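**Q** Before we start, here is the structure in question, set down as structure tokens.
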Protein chains: 2
Amino acid sequence: MRQRVLAAAEELDYQPNLVARSLRSQRSATVALIVSDIRNPFFTDVSRAVEDTIHKEGYALFLCNADEDPEKEMLYLDQMEAQNVAGIIYSPTRQAATHYQELRISTPTVVIDRAVHASDVDQVLIDNTDAAYRLAEHVIKNGYRRIAGLFGEASVTGRERRRGYEEALRANGLEPPLGQVVHIPPKIDAGLETALRLLDRDQPPDAFFTSNSLLTAGALIAIRERGLTVPEDIGLVGFDETTWGRLVEPPITIIAQPTYEIGSTAAELLLQRVHQPDRSPRKVILQGRLHMRGSSAPRPSA
Amino acid sequence: MRQRVLAAAEELDYQPNLVARSLRSQRSATVALIVSDIRNPFFTDVSRAVEDTIHKEGYALFLCNADEDPEKEMLYLDQMEAQNVAGIIYSPTRQAATHYQELRISTPTVVIDRAVHASDVDQVLIDNTDAAYRLAEHVIKNGYRRIAGLFGEASVTGRERRRGYEEALRANGLEPPLGQVVHIPPKIDAGLETALRLLDRDQPPDAFFTSNSLLTAGALIAIRERGLTVPEDIGLVGFDETTWGRLVEPPITIIAQPTYEIGSTAAELLLQRVHQPDRSPRKVILQGRLHMRGSSAPRPSA
DNA sequence: CTGAAAGCGCTAACAA
DNA sequence: TTGTTAGCGCTTTCAG
């Protein structure tokens with residue numbers, strides 16, 4: 001009998017209605033990943049890892065792009081909860097991170113990349129302050145002195161990386177150059193405009209320290225527009241491994257984040273929580289890796 | 001009365017259950033975009049445009065990454081239909097494109113980037129053969145003679161671009177170099193490996209013609225690994241504007257696709273079809289724009 | 001205008 | 001094992 005029903009279903013190409021199933025069972029085999037900016041290679045790399053991992057367990061992935069807009073982020077969060085997804089992985093904007101508790105998310109959630117002040121949620125982060133410290137220290141050791149800082153304004157990540165950068169400067173007897181440490185939208189355009197403005201000053205920086213790869217790209221475009229040479233005229237360092245960072249001349253010194261590991265770990269934590277909701281939350285802190293390349297080569301004077 | 005209910009809903013922070021709503025009304029305010037590869041900047045750019053456009057009309061976007069895998073593509077296609085999305089925008093793999101009719105998709109659909117042989121579906125494409133012809137012609141005019149071709153194997157787009165390339169060669173009295181016109185997975189790794197192999201031949205190419213930006217990146221990495229110089233030792237051209245294509249030295253000659261227009265047009269066509277299902281299907285063909293840059297500079301001998 | 005009732009397609013619980 | 005039924009949370013229709 002069972003056989004006959006199955007055969008008939010096959011015959012008629014029956015496709016169960018997932019909406020009805022989800023409504024009835026209050027479950028679903030989908031996970032949502034809400035990223036801050038789909039054009040940031042960090043997030044596309046993470047999304048690949050998340051999808052690989054959950055796909056093995058039979059889950060499908062909805063990818064949502066908040067585009068660094070807190071309102072869109074809220075919209076997608078609500079939407080995903082209302083869609084009854086099994087779980088949510090997401091990187092909150094600074095606004096959401098600050099008021100995380102008030103969001104009262106009832107769906108299992110893992111926060112990635114941007115820490116929230118909440119002890120009852122799984123998080124997968126990197127030690128941003130430490131990574132930024134090491135990166136800045138490397139730049140200083142190589143003889144750069146007026147190191148401007150371009151940091152994303154949308155995330156706590158940007159704040160943490162600035163802290164590491166400033167600590168490294170002070171530990172080496174330097175002061176953050178006045179008016180050259182800025183928080184801006186973490187996009188290429190903003191990086192370009194700000195870098196141009198800083199380069200056109202009376203006392204331009206001798207290096208740019210950037211907090212993500214879009215800002216790095218913007219700064220590099222600005223450097224090229226002004227006809228300057230890296231690293232002779234100006235050094236450049238940033239975060240995240242990209243295709244282009246190793247192809248430009250000179251290649252860019254960066255802190256590489258373990259994107260695949262971040263994504264797969266977040267996915268694993270999420271699935272564990274889905275199956276075991278009262279498991280105690282974990283905070284996984286991974287390390288960035290410093291890749292020293294030509295864009296921060298030692299200054300001749302140093 | 002209505003007022004009081006609304007006030008109470010506000011008070012209790014009532015969130016309607018979208019699953020139930022969708023089940024009952026057989027509609028939903030979500031659109032799915034199924035892309036071939038989330039790490040290809042072409043698709044992330046398109047997704048931005050799609051989202052911008054539908055967001056204005058109150059729709060949310062589910063982004064799904066088929067990762068050039070026909071099975072995953074089918075899975076997401078089925079899943080999205082079963083999820084009762086309002087519409088689907090997608091770029092089919094070659095397998096799906098060839099058997100498009102057999103998919104029997106009942107949800108409103110717009111095909112982008114990769115043409116299907118079906119007259120009853122909206123499509124937004126570019127004229128690949130023409131674009132590839134113009135790009136190849138430019139390379140030939142600049143004196144390159146042994147132009148190897150790296151084309152994506154997963155899409156009809158790769159085939160069409162090869163046709164334009166071969167037509168341009170023949171129209172200029174050249175033959176496609178034997179064994180140097182290949183269809184490979186449209187990924188950086190495959191581009192790198194293949195380019196290395198071709199460079200190590202007795203008669204290596206004097207230019208690479210690539211059919212997407214991931215292959216371009218792979219070829220460039222190979223060129224660098226062999227210590228060759230662009231364009232003196234070897235020319236390099238490809239498709240799609242990327243951040244890095246203008247930052248490397250020399251910058252890369254490419255056909256720029258109007259990504260934003262592709263995405264926004266597809267989104268508009270889809271929403272029109274959602275509201276007016278029996279509207280006659282349209283095929284919108286856009287043009288690529290040739291950007292001549294240093295990577296295909298005239299050969300001294302020419 | 002307000003209220004009541006049916007039912008979207010499924011699953012889970014219970015009866016035969 | 002097989003069949004029946006209730007109900008997930010909404011929207012839509014129809015009656016009052």
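Chain labels A, B, ... are given in the sequence in which chains occur in the structure tokens; within each chain residues are numbered consecutively from 1, and ligands are likewise numbered from 1 in the order shown.
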Define the interface residues of chain C facing chain B as those within 10 Å, counting only C-alpha atoms (C1' of nucleotides), and report them as a list in words.

**A**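 That gives DC1, DT2, DG7, DC8 and DG9 of chain C for chain C.
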
**Q** Based on DSSP run over this structure's backbone, return all residues of region 159-231 of chain B in helix (DSSP H, G or I), as number ranges by chain.

**A** B: 159-171, 188-199, 213-225

**Q** Could the residues in this selection be written to a file with N, CA and C atoms, as an mmCIF file, in the first residue's frame?

**A**
data_model
loop_
_atom_site.group_PDB
_atom_site.id
_atom_site.type_symbol
_atom_site.label_atom_id
_atom_site.label_comp_id
_atom_site.auth_asym_id
_atom_site.auth_seq_id
_atom_site.Cartn_x
_atom_site.Cartn_y
_atom_site.Cartn_z
ATOM 1 N N ARG B 159 29.546 29.204 -24.497
ATOM 2 C CA ARG B 159 29.485 28.752 -25.905
ATOM 3 C C ARG B 159 29.334 29.926 -26.856
ATOM 4 N N GLU B 160 28.442 30.825 -26.492
ATOM 5 C CA GLU B 160 28.184 31.964 -27.376
ATOM 6 C C GLU B 160 29.419 32.841 -27.507
ATOM 7 N N ARG B 161 30.095 33.012 -26.399
ATOM 8 C CA ARG B 161 31.292 33.853 -26.444
ATOM 9 C C ARG B 161 32.382 33.184 -27.259
ATOM 10 N N ARG B 162 32.442 31.874 -27.189
ATOM 11 C CA ARG B 162 33.433 31.193 -28.019
ATOM 12 C C ARG B 162 33.105 31.381 -29.495
ATOM 13 N N ARG B 163 31.824 31.341 -29.815
ATOM 14 C CA ARG B 163 31.461 31.503 -31.219
ATOM 15 C C ARG B 163 31.911 32.866 -31.735
ATOM 16 N N GLY B 164 31.636 33.920 -30.958
ATOM 17 C CA GLY B 164 32.045 35.257 -31.382
ATOM 18 C C GLY B 164 33.553 35.352 -31.547
ATOM 19 N N TYR B 165 34.250 34.726 -30.624
ATOM 20 C CA TYR B 165 35.718 34.729 -30.669
ATOM 21 C C TYR B 165 36.224 34.021 -31.925
ATOM 22 N N GLU B 166 35.639 32.854 -32.202
ATOM 23 C CA GLU B 166 36.097 32.092 -33.375
ATOM 24 C C GLU B 166 35.730 32.807 -34.676
ATOM 25 N N GLU B 167 34.567 33.404 -34.697
ATOM 26 C CA GLU B 167 34.155 34.136 -35.903
ATOM 27 C C GLU B 167 35.112 35.293 -36.175
ATOM 28 N N ALA B 168 35.497 35.980 -35.114
ATOM 29 C CA ALA B 168 36.421 37.113 -35.288
ATOM 30 C C ALA B 168 37.775 36.623 -35.804
ATOM 31 N N LEU B 169 38.228 35.512 -35.253
ATOM 32 C CA LEU B 169 39.507 34.959 -35.714
ATOM 33 C C LEU B 169 39.434 34.661 -37.215
ATOM 34 N N ARG B 170 38.408 33.924 -37.602
ATOM 35 C CA ARG B 170 38.288 33.491 -38.999
ATOM 36 C C ARG B 170 38.112 34.679 -39.931
ATOM 37 N N ALA B 171 37.326 35.661 -39.476
ATOM 38 C CA ALA B 171 37.095 36.846 -40.314
ATOM 39 C C ALA B 171 38.397 37.604 -40.552
ATOM 40 N N ILE B 188 38.256 30.295 -10.576
ATOM 41 C CA ILE B 188 39.647 30.757 -10.585
ATOM 42 C C ILE B 188 40.617 29.590 -10.730
ATOM 43 N N ASP B 189 40.402 28.545 -9.920
ATOM 44 C CA ASP B 189 41.325 27.409 -9.923
ATOM 45 C C ASP B 189 41.489 26.802 -11.312
ATOM 46 N N ALA B 190 40.346 26.556 -11.963
ATOM 47 C CA ALA B 190 40.400 25.929 -13.282
ATOM 48 C C ALA B 190 41.099 26.853 -14.275
ATOM 49 N N GLY B 191 40.846 28.149 -14.171
ATOM 50 C CA GLY B 191 41.501 29.108 -15.057
ATOM 51 C C GLY B 191 43.003 29.100 -14.852
ATOM 52 N N LEU B 192 43.392 29.052 -13.589
ATOM 53 C CA LEU B 192 44.819 29.042 -13.249
ATOM 54 C C LEU B 192 45.510 27.814 -13.811
ATOM 55 N N GLU B 193 44.945 26.644 -13.518
ATOM 56 C CA GLU B 193 45.573 25.402 -13.959
ATOM 57 C C GLU B 193 45.675 25.313 -15.478
ATOM 58 N N THR B 194 44.585 25.669 -16.138
ATOM 59 C CA THR B 194 44.577 25.579 -17.594
ATOM 60 C C THR B 194 45.567 26.561 -18.208
ATOM 61 N N ALA B 195 45.592 27.758 -17.678
ATOM 62 C CA ALA B 195 46.509 28.764 -18.220
ATOM 63 C C ALA B 195 47.955 28.310 -18.041
ATOM 64 N N LEU B 196 48.263 27.740 -16.882
ATOM 65 C CA LEU B 196 49.615 27.230 -16.652
ATOM 66 C C LEU B 196 49.972 26.183 -17.706
ATOM 67 N N ARG B 197 49.042 25.293 -17.918
ATOM 68 C CA ARG B 197 49.282 24.210 -18.878
ATOM 69 C C ARG B 197 49.560 24.769 -20.276
ATOM 70 N N LEU B 198 48.771 25.760 -20.659
ATOM 71 C CA LEU B 198 48.944 26.335 -22.000
ATOM 72 C C LEU B 198 50.263 27.098 -22.098
ATOM 73 N N LEU B 199 50.614 27.775 -21.013
ATOM 74 C CA LEU B 199 51.861 28.558 -21.034
ATOM 75 C C LEU B 199 53.087 27.652 -21.128
ATOM 76 N N SER B 213 35.210 36.819 -15.338
ATOM 77 C CA SER B 213 36.264 37.469 -14.559
ATOM 78 C C SER B 213 37.016 36.489 -13.656
ATOM 79 N N LEU B 214 36.385 35.372 -13.320
ATOM 80 C CA LEU B 214 37.096 34.394 -12.507
ATOM 81 C C LEU B 214 38.186 33.718 -13.336
ATOM 82 N N LEU B 215 37.861 33.431 -14.588
ATOM 83 C CA LEU B 215 38.871 32.858 -15.478
ATOM 84 C C LEU B 215 39.977 33.873 -15.764
ATOM 85 N N THR B 216 39.596 35.139 -15.906
ATOM 86 C CA THR B 216 40.597 36.192 -16.123
ATOM 87 C C THR B 216 41.576 36.218 -14.954
ATOM 88 N N ALA B 217 41.031 36.156 -13.742
ATOM 89 C CA ALA B 217 41.876 36.182 -12.549
ATOM 90 C C ALA B 217 42.801 34.962 -12.538
ATOM 91 N N GLY B 218 42.251 33.797 -12.843
ATOM 92 C CA GLY B 218 43.065 32.584 -12.879
ATOM 93 C C GLY B 218 44.202 32.708 -13.876
ATOM 94 N N ALA B 219 43.887 33.224 -15.060
ATOM 95 C CA ALA B 219 44.906 33.368 -16.099
ATOM 96 C C ALA B 219 45.988 34.353 -15.655
ATOM 97 N N LEU B 220 45.561 35.427 -15.005
ATOM 98 C CA LEU B 220 46.547 36.430 -14.575
ATOM 99 C C LEU B 220 47.481 35.856 -13.501
ATOM 100 N N ILE B 221 46.919 35.083 -12.597
ATOM 101 C CA ILE B 221 47.763 34.451 -11.575
ATOM 102 C C ILE B 221 48.780 33.525 -12.243
ATOM 103 N N ALA B 222 48.325 32.778 -13.236
ATOM 104 C CA ALA B 222 49.236 31.875 -13.962
ATOM 105 C C ALA B 222 50.359 32.660 -14.639
ATOM 106 N N ILE B 223 49.994 33.756 -15.269
ATOM 107 C CA ILE B 223 50.978 34.600 -15.959
ATOM 108 C C ILE B 223 52.031 35.093 -14.969
ATOM 109 N N ARG B 224 51.560 35.524 -13.795
ATOM 110 C CA ARG B 224 52.484 36.003 -12.776
ATOM 111 C C ARG B 224 53.371 34.867 -12.266
ATOM 112 N N GLU B 225 52.762 33.700 -12.088
ATOM 113 C CA GLU B 225 53.543 32.564 -11.578
ATOM 114 C C GLU B 225 54.678 32.183 -12.524
#

**Q** Only residues of chain A matter here; which ones have an atom within 9 Å of chain B, counting only C-alpha atoms? Give them as a VMD selection string.

**A** chain A and resid 15 to 20 22 to 23 32 38 to 39 41 44 to 45 47 to 48 51 60 to 65 67 75 to 76 78 to 79 81 to 84 217 220 to 221 224 243 to 249

**Q** Could you pull the residues within 12 Å of Asn172 (chain A), counting only C-alpha atoms (C1' of nucleotides), minus those fewer than 4 positions along the same chain, as a list in words?

**A**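 Listed by chain and then number, they are Tyr133, Ala136, Glu137, His138, Val139, Ile140, Lys141, Gly143, Tyr144, Arg145, Tyr165, Glu166, Glu167, Ala168 and Pro176 of chain A.
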
**Q** Enumerate, as a ChimeraX atom specification, the complete set of residues in region 76-269 of chain A that a backbone-based DSSP assignment places in strand (DSSP E or B).

**A** /A:87-90,109-112,122-126,147-152,181-184,207-210,235-239,253-256
